[in-house]
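Accompanying notes for the structure given below.
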Amino acid sequence: MATKPVPIPDETSAPFFDGARNGRLMLQYCSACARWSFPVRERCPHCFSAALEWRQASGRGSLYTFTIMHQVMNPGFASAVPYNIAQIDLAEGVRMTSNIVDAPNDALLIGMPLEAVFEEVGENVCLPKFRPVAG
């Protein structure tokens with residue numbers, strides 16, 4: 001049985017994965033232009049400063065868009081089909097690609113409020129997933 005591919009943290013992304021392992025959504029924040037950025041990078045995409053620091057994000061956002069995968073593109077995901085791939089607009093102003101959990105695919109609605117949860121996907125590796133905000 002094939003297994004899902006697992007990201008391998010490197011020096012630049014380690015704080016993101018360390019945070020996820022501890023149940024915190026960590027994002028880069030530029031102290032030069034006061035803006036958040038994602039995905040992880042070495043320079044700010046807005047002002048090109050190297051003054052990026054790691055800060056805990058709220059973990060709150062809304063569903064921007066999604067698709068449902070019905071075809072097996074990687075054997076590691078065969079048992080998960082059908083599954084969703086979603087883009088989430090975070091409160092900090094960045095967009096993240098992840099999955100929506102704790103909701104059936106046919107209940108997903110553009111704009112629905114979401115919150116981060118963390119799923120262990122490999123030995124010592126966790127990823128942020130998102131679930132609908134209750135109530």
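Quick note on naming: the chains in the structure tokens go A, B, ... in the order shown, residues restart at 1 in each chain, and ligands are numbered from 1 in order of appearance.
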
* Asked: Could you pull the residues within 10 Å of Val81 in chain A, counting only C-alpha atoms, minus those fewer than 4 positions along the same chain, as number ranges by chain?
  -> A: 68-73, 77

* Output as a ChimeraX atom specification all residues of chain A that backbone DSSP marks as strand (DSSP E or B). => /A:26-30,35-37,52-56,60-69,83-90,95-98,100,113-122,125-132

* Shell of 8 Å around range 87-102 of chain A, only C-alpha atoms, local chain residues under 6 positions omitted, as a PyMOL selection string -> chain A and resi 36-39+57-66+128-132

Can those selected residues be exported to a file as a PDB file, in the first residue's frame so that it contains C-alpha atoms?
ATOM      1  CA  TRP A  36       2.008  38.749   6.604  1.00  0.00           C
ATOM      2  CA  SER A  37       3.235  36.308   3.978  1.00  0.00           C
ATOM      3  CA  PHE A  38       2.671  32.721   2.939  1.00  0.00           C
ATOM      4  CA  PRO A  39       4.012  30.402   1.596  1.00  0.00           C
ATOM      5  CA  ALA A  57      -1.619  33.528  13.413  1.00  0.00           C
ATOM      6  CA  SER A  58      -5.219  33.434  14.579  1.00  0.00           C
ATOM      7  CA  GLY A  59      -5.999  30.213  12.719  1.00  0.00           C
ATOM      8  CA  ARG A  60      -9.255  31.797  11.537  1.00  0.00           C
ATOM      9  CA  GLY A  61     -10.298  32.272   7.946  1.00  0.00           C
ATOM     10  CA  SER A  62     -12.948  31.645   5.331  1.00  0.00           C
ATOM     11  CA  LEU A  63     -13.279  29.275   2.417  1.00  0.00           C
ATOM     12  CA  TYR A  64     -12.178  31.031  -0.780  1.00  0.00           C
ATOM     13  CA  THR A  65     -12.632  28.103  -3.177  1.00  0.00           C
ATOM     14  CA  PHE A  66     -12.350  24.315  -3.332  1.00  0.00           C
ATOM     15  CA  PRO A 128      -2.827  22.572   9.403  1.00  0.00           C
ATOM     16  CA  LYS A 129      -6.242  21.522   8.180  1.00  0.00           C
ATOM     17  CA  PHE A 130      -9.416  23.577   8.588  1.00  0.00           C
ATOM     18  CA  ARG A 131     -12.857  22.829   9.974  1.00  0.00           C
ATOM     19  CA  PRO A 132     -16.075  24.833   9.968  1.00  0.00           C
TER      20      PRO A 132
END

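Among the candidate residues A:Trp54, A:Arg35, A:Ala2, A:Gly122, the one lying nearest to Gly19 in chain A is A:Trp54, with distances computed using only C-alpha atoms.
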
* Asked: Could you state the separation of CA of Cys30 in chain A and CA of Cys44 in chain A in Å, given to one decimal place?
  -> 6.3 Å

* Within 9 Å of Cys33 in chain A, counting only C-alpha atoms, which residues qualify if same-chain residues fewer than 5 places away don't, as a ChimeraX atom specification? -> /A:44,46-47,49,51

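For Asn74 in chain A, the set of protein, DNA and RNA residues having any atom at most 10 Å away, when counting only C-alpha atoms and skipping those fewer than 4 positions along the same chain, is A:Ala2, A:Thr3, A:Lys4, A:Pro5, A:Ala78.
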
Suppose we keep N, CA, C and O atoms; can you now write the selection as a JSON list (two decimals), in the first residue's frame?
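The new file result_13.json reads:
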[["chain", "number", "residue", "atom", "x", "y", "z"],
["A", 2, "ALA", "N", 0.63, 2.16, -0.90],
["A", 2, "ALA", "CA", 1.39, 3.40, -1.00],
["A", 2, "ALA", "C", 0.98, 4.33, 0.14],
["A", 2, "ALA", "O", -0.15, 4.31, 0.61],
["A", 3, "THR", "N", 1.91, 5.15, 0.56],
["A", 3, "THR", "CA", 1.62, 6.12, 1.62],
["A", 3, "THR", "C", 1.60, 7.53, 1.02],
["A", 3, "THR", "O", 2.20, 7.80, -0.02],
["A", 4, "LYS", "N", 0.88, 8.41, 1.71],
["A", 4, "LYS", "CA", 0.82, 9.80, 1.27],
["A", 4, "LYS", "C", 2.19, 10.44, 1.39],
["A", 4, "LYS", "O", 2.92, 10.16, 2.34],
["A", 5, "PRO", "N", 2.55, 11.30, 0.46],
["A", 5, "PRO", "CA", 3.82, 12.01, 0.59],
["A", 5, "PRO", "C", 3.76, 12.95, 1.80],
["A", 5, "PRO", "O", 2.71, 13.52, 2.10],
["A", 78, "ALA", "N", -5.26, 7.16, -2.54],
["A", 78, "ALA", "CA", -6.34, 6.31, -3.07],
["A", 78, "ALA", "C", -7.44, 6.06, -2.05],
["A", 78, "ALA", "O", -8.62, 6.10, -2.39]]

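Reported to one decimal place, the separation of CA of Thr12 in chain A from CA of Ala32 in chain A is 18.7 Å.
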
* Structure fact -> One residue among A:Val40, A:Cys126, A:Ala80, A:Leu109 is nearest to Arg21 in chain A when using only C-alpha atoms, and that residue is A:Cys126
